[in-house]
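Structure below is run_15.cif: mmCIF, C-alpha atoms.
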data_my_file
loop_
_atom_site.label_atom_id
_atom_site.label_comp_id
_atom_site.auth_asym_id
_atom_site.auth_seq_id
_atom_site.Cartn_x
_atom_site.Cartn_y
_atom_site.Cartn_z
CA MET A 803 189.52 101.03 -11.84
CA ARG A 804 190.86 101.78 -15.29
CA LYS A 805 187.93 104.09 -16.08
CA ILE A 806 188.78 106.14 -13.00
CA PHE A 807 192.46 106.11 -13.89
CA LEU A 808 191.66 107.06 -17.49
CA MET A 809 189.92 110.21 -16.32
CA LEU A 810 192.73 111.04 -13.92
CA VAL A 811 195.49 110.61 -16.44
CA CYS A 812 193.86 112.61 -19.25
CA VAL A 813 196.71 114.61 -20.72
CA MET A 814 196.85 117.94 -22.48
CA THR A 815 195.83 117.61 -26.10
CA LEU A 816 197.81 120.20 -27.97
CA CYS A 817 196.13 121.68 -31.04
CA SER A 818 199.39 121.37 -32.92
CA CYS A 819 199.35 117.55 -32.76
CA ASN A 820 200.16 116.08 -36.16
CA ALA A 821 198.41 112.84 -37.01
CA ASN A 822 200.58 112.21 -40.03
CA ASN A 823 203.60 109.93 -39.84
CA ALA A 824 206.84 111.33 -41.18
CA ASP A 825 210.57 110.68 -41.13
CA LYS A 826 212.39 113.21 -38.96
CA ASP A 827 215.91 112.65 -40.22
CA GLY A 828 217.15 116.24 -40.19
CA ASP A 829 220.91 116.45 -39.83
CA LEU A 830 221.16 113.23 -37.85
CA ARG A 831 224.05 110.90 -38.61
CA ASP A 832 223.15 107.32 -37.71
CA MET A 833 219.76 107.84 -36.09
CA LYS A 834 216.51 107.73 -38.05
CA ILE A 835 213.21 108.67 -36.42
CA ILE A 836 209.67 107.98 -37.57
CA ALA A 837 206.94 109.63 -35.50
CA TYR A 838 203.43 108.20 -35.12
CA SER A 839 200.44 109.82 -33.44
CA LEU A 840 198.57 107.01 -31.69
CA GLY A 841 195.47 106.53 -29.57
CA SER A 842 192.73 108.82 -28.31
CA TYR A 843 195.21 111.28 -26.82
CA PHE A 844 197.41 111.56 -29.92
CA THR A 845 200.45 110.22 -28.14
CA ASN A 846 203.70 110.57 -30.05
CA CYS A 847 205.24 107.14 -30.54
CA TYR A 848 208.74 107.09 -32.03
CA LEU A 849 210.40 104.35 -34.02
CA VAL A 850 214.10 105.09 -33.61
CA TYR A 851 216.62 103.08 -35.58
CA ASP A 852 220.14 102.67 -36.89
CA GLU A 853 219.60 101.90 -40.55
CA ASN A 854 223.10 100.51 -41.09
CA ALA A 855 222.97 98.16 -38.12
CA GLY A 856 219.30 97.27 -38.58
CA LYS A 857 218.56 97.81 -34.88
CA ALA A 858 215.65 99.79 -33.46
CA CYS A 859 213.69 100.84 -30.41
CA LEU A 860 210.10 101.97 -30.02
CA ILE A 861 209.27 104.77 -27.59
CA ASP A 862 205.84 105.14 -25.93
CA PRO A 863 203.51 102.89 -27.94
CA ALA A 864 200.05 104.07 -26.89
CA VAL A 865 198.36 101.25 -28.76
CA TYR A 866 199.44 98.34 -30.91
CA ASP A 867 199.61 99.26 -34.61
CA ASP A 868 200.29 96.84 -37.46
CA GLU A 869 201.60 99.71 -39.60
CA ILE A 870 204.61 100.04 -37.30
CA ILE A 871 205.27 96.31 -37.50
CA ASN A 872 205.08 96.53 -41.29
CA VAL A 873 207.64 99.36 -41.33
CA ILE A 874 209.96 97.40 -39.03
CA SER A 875 209.67 94.41 -41.33
CA SER A 876 210.04 96.33 -44.60
CA LYS A 877 213.19 98.06 -43.35
CA GLY A 878 214.68 94.78 -42.11
CA LEU A 879 214.92 96.05 -38.53
CA THR A 880 215.24 94.13 -35.30
CA LEU A 881 213.32 95.82 -32.49
CA GLU A 882 215.58 95.62 -29.43
CA TYR A 883 213.68 97.72 -26.90
CA ILE A 884 210.26 99.16 -26.16
CA ILE A 885 211.01 102.21 -24.02
CA LEU A 886 208.43 103.96 -21.83
CA THR A 887 209.07 107.56 -20.79
CA HIS A 888 206.56 107.08 -17.96
CA GLY A 889 203.77 104.78 -16.91
CA HIS A 890 200.57 106.63 -17.82
CA PHE A 891 198.21 104.40 -19.78
CA ASP A 892 198.24 106.62 -22.87
CA HIS A 893 201.93 105.83 -23.36
CA ILE A 894 202.05 102.12 -22.60
CA LEU A 895 199.00 100.15 -23.75
CA GLY A 896 200.65 98.92 -26.95
CA ALA A 897 203.87 97.80 -25.28
CA ASP A 898 202.95 94.20 -24.56
CA GLY A 899 201.53 93.67 -28.04
CA PHE A 900 204.74 94.86 -29.66
CA ARG A 901 206.78 92.69 -27.30
CA ASP A 902 204.70 89.64 -28.23
CA LYS A 903 205.17 90.37 -31.92
CA THR A 904 208.88 91.20 -31.90
CA GLY A 905 210.48 89.78 -28.75
CA ALA A 906 211.77 93.24 -27.79
CA GLU A 907 212.37 94.02 -24.10
CA ILE A 908 210.18 96.56 -22.32
CA ALA A 909 212.18 99.14 -20.35
CA VAL A 910 210.67 101.56 -17.82
CA TYR A 911 212.02 103.60 -14.93
CA GLU A 912 211.93 101.63 -11.68
CA LEU A 913 209.48 104.02 -9.97
CA GLU A 914 206.85 103.62 -12.69
CA THR A 915 206.03 99.94 -12.29
CA GLU A 916 203.07 100.71 -10.01
CA TYR A 917 201.23 102.20 -12.98
CA LEU A 918 201.17 98.81 -14.63
CA ASP A 919 199.03 97.59 -11.73
CA PHE A 920 196.32 100.11 -12.69
CA LEU A 921 195.68 98.23 -15.91
CA GLU A 922 192.81 95.80 -16.24
CA ASP A 923 193.70 92.13 -15.96
CA ASP A 924 193.74 91.50 -19.70
CA GLU A 925 196.07 94.48 -20.20
CA LYS A 926 198.56 93.85 -17.40
CA PHE A 927 202.20 93.27 -18.23
CA SER A 928 205.54 93.52 -16.49
CA ALA A 929 208.71 95.26 -17.61
CA ASP A 930 211.84 93.36 -18.58
CA ILE A 931 214.25 96.15 -17.66
CA LEU A 932 213.94 98.55 -14.71
CA LEU A 933 215.89 101.70 -15.40
CA LYS A 934 217.77 104.06 -13.11
CA ASP A 935 219.04 107.59 -13.66
CA GLY A 936 222.15 107.51 -15.84
CA ASP A 937 221.52 104.07 -17.35
CA THR A 938 222.13 103.64 -21.07
CA LEU A 939 220.29 101.55 -23.64
CA THR A 940 222.26 100.80 -26.80
CA PHE A 941 220.99 99.41 -30.09
CA GLY A 942 223.28 99.39 -33.10
CA GLY A 943 225.35 102.57 -33.00
CA ILE A 944 222.74 104.49 -30.99
CA SER A 945 222.85 104.98 -27.24
CA LEU A 946 220.03 106.55 -25.22
CA LYS A 947 220.88 107.76 -21.73
CA VAL A 948 218.23 107.89 -19.02
CA MET A 949 217.67 111.29 -17.41
CA HIS A 950 215.24 111.02 -14.50
CA THR A 951 212.93 114.05 -14.72
CA PRO A 952 210.14 113.59 -12.15
CA GLY A 953 207.27 116.01 -11.69
CA HIS A 954 204.74 114.76 -14.23
CA SER A 955 205.02 111.42 -12.46
CA LYS A 956 207.50 110.04 -9.95
CA GLY A 957 209.53 108.17 -12.54
CA SER A 958 209.14 110.32 -15.65
CA CYS A 959 212.26 110.25 -17.80
CA CYS A 960 213.85 111.90 -20.79
CA PHE A 961 215.99 109.74 -23.06
CA ILE A 962 219.00 111.53 -24.48
CA CYS A 963 221.33 110.73 -27.35
CA GLY A 964 224.37 112.96 -26.98
CA ASP A 965 225.92 111.86 -30.28
CA GLU A 966 222.90 112.98 -32.27
CA LYS A 967 221.81 115.83 -29.96
CA VAL A 968 218.33 114.37 -29.62
CA MET A 969 216.04 114.20 -26.58
CA PHE A 970 212.80 112.27 -26.17
CA SER A 971 211.09 114.22 -23.40
CA GLY A 972 207.88 112.27 -22.80
CA ASP A 973 205.36 114.44 -20.93
CA THR A 974 208.01 116.39 -19.01
CA LEU A 975 208.48 119.02 -21.72
CA PHE A 976 206.26 120.04 -24.63
CA LYS A 977 206.70 122.78 -27.19
CA GLY A 978 205.96 125.98 -25.29
CA THR A 979 204.67 124.28 -22.16
CA ILE A 980 205.08 121.34 -19.77
CA GLY A 981 203.21 118.22 -18.73
CA ARG A 982 200.58 118.15 -16.01
CA TYR A 983 201.73 118.02 -12.41
CA ASP A 984 198.33 117.69 -10.68
CA LEU A 985 197.96 113.94 -11.19
CA TYR A 986 199.05 111.16 -8.84
CA GLY A 987 202.83 111.28 -8.47
CA GLY A 988 203.07 114.75 -9.97
CA ASP A 989 204.48 117.81 -8.25
CA TYR A 990 205.03 121.33 -9.58
CA ASP A 991 208.21 122.12 -7.64
CA THR A 992 209.73 118.78 -8.60
CA LEU A 993 208.91 119.40 -12.25
CA MET A 994 210.56 122.83 -12.07
CA GLU A 995 213.69 121.16 -10.70
CA SER A 996 213.60 118.71 -13.60
CA LEU A 997 213.38 121.59 -16.08
CA GLN A 998 216.48 123.12 -14.54
CA LYS A 999 218.21 119.76 -14.93
CA ILE A 1000 217.29 119.80 -18.62
CA LYS A 1001 218.35 123.44 -18.91
CA SER A 1002 221.81 122.54 -17.61
CA ILE A 1003 222.50 120.73 -20.90
CA LYS A 1004 224.81 123.20 -22.60
CA GLU A 1005 224.25 122.19 -26.21
CA ASN A 1006 221.17 122.56 -28.37
CA TYR A 1007 219.08 119.41 -28.79
CA MET A 1008 216.14 118.42 -30.91
CA VAL A 1009 213.30 117.65 -28.51
CA TYR A 1010 210.69 115.03 -29.38
CA PRO A 1011 207.86 115.25 -26.80
CA GLY A 1012 205.10 112.86 -25.83
CA HIS A 1013 202.42 115.03 -27.45
CA GLY A 1014 202.48 117.81 -30.01
CA ASP A 1015 205.19 119.11 -32.31
CA SER A 1016 208.92 118.63 -31.97
CA THR A 1017 210.99 121.59 -30.85
CA THR A 1018 214.54 122.47 -29.82
CA LEU A 1019 216.03 122.93 -26.39
CA ALA A 1020 217.35 126.37 -27.35
CA TYR A 1021 213.87 127.51 -28.37
CA GLU A 1022 212.31 126.23 -25.17
CA ILE A 1023 214.88 127.88 -22.92
CA LEU A 1024 214.17 131.22 -24.63
CA GLN A 1025 210.43 130.96 -25.22
CA ASN A 1026 208.91 128.49 -22.80
CA PRO A 1027 207.63 130.47 -19.76
CA TYR A 1028 208.32 127.57 -17.41
CA PHE A 1029 212.07 127.94 -18.00
CA ARG A 1030 212.08 131.53 -16.78
#
structure tokens encoding of this file:
Amino acid sequence: MRKIFLMLVCVMTLCSCNANNADKDGDLRDMKIIAYSLGSYFTNCYLVYDENAGKACLIDPAVYDDEIINVISSKGLTLEYIILTHGHFDHILGADGFRDKTGAEIAVYELETEYLDFLEDDEKFSADILLKDGDTLTFGGISLKVMHTPGHSKGSCCFICGDEKVMFSGDTLFKGTIGRYDLYGGDYDTLMESLQKIKSIKENYMVYPGHGDSTTLAYEILQNPYFR
């Protein structure tokens, strides 16, 4: 079953994917972000943390990676949450390993739990927190708000930090393009509605997608053809 699902859920591999890990501090105040490119599909996994409070979350761990655990340990961080932007296997297969190692809670949108059933028996896991649109996850001084943005899958989400003007867009929005909508649970018209929901945000945000380079909301609204 997983082999079939693997072929179905093959995502766009953008040529601009960066396999190097780097801090993405920018002009952020309390939030620090370290990006990792993990797995066969170069999924962007983000370690997001409040350095002063020593609290962190991990977004979309494609596979388990000891390097991330070493960074968490060396920085004296407590991993509070493992957050999944959606349920496709290339974003979730490391989640249970990180939970076992750290005790962090796995959070996923309530419509995405069916994807966990596609996993082989030795990979299956359940979520600790089922999210709804508008929910907020807080760790240290950082709060991430759930924005339900279906279209790539039924329960695809963006996670937004208004204080820092940062968005983690999963496979809803990439630099210059969008995620696939021809897979199970995907729908073009629904994805276009989700883009308009994102476009309604009046301020500029840094956008950290599930694959490829980071971008800004202002750039995407002007240059991304799917916003037109």
Note to self: Please expand the PyMOL selection byres ((chain A and resi 870) around 10) into the concrete residues it hits in this file, giving the result as a PyMOL selection string.
What the structure shows: chain A and resi 836+838+847-849+860+863+866-869+871-876+900
Next item on the list: Excluding range 941-954 of chain A and any residue of its chain fewer than 2 positions from it, enumerate the residues within 9 Å of it, using all atoms listed in the file, and give them as a VMD selection string.
Entry: chain A and resid 832 to 833 851 to 859 881 to 883 888 911 933 to 939 956 to 966 969 971 973 to 974 980 to 997 999 to 1000
4 Å per side around range 939-954 of chain A: axis-aligned box centre and edge lengths, as JSON:
{"center_x": 215.0, "center_y": 107.7, "center_z": -22.4, "size_x": 28.6, "size_y": 24.6, "size_z": 29.4}
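Between Ile884 in chain A and the residues A:Leu840, A:Leu1019, A:Ile1003, A:Ala929, the shortest atom-to-atom distance, using only C-alpha atoms, involves A:Ala929.
Restricting the calculation to all atoms listed in the file, the smallest distance between Lys1004 in chain A and any of A:Lys967, A:Leu886, A:Phe844, A:Arg1030 is found for A:Lys967.
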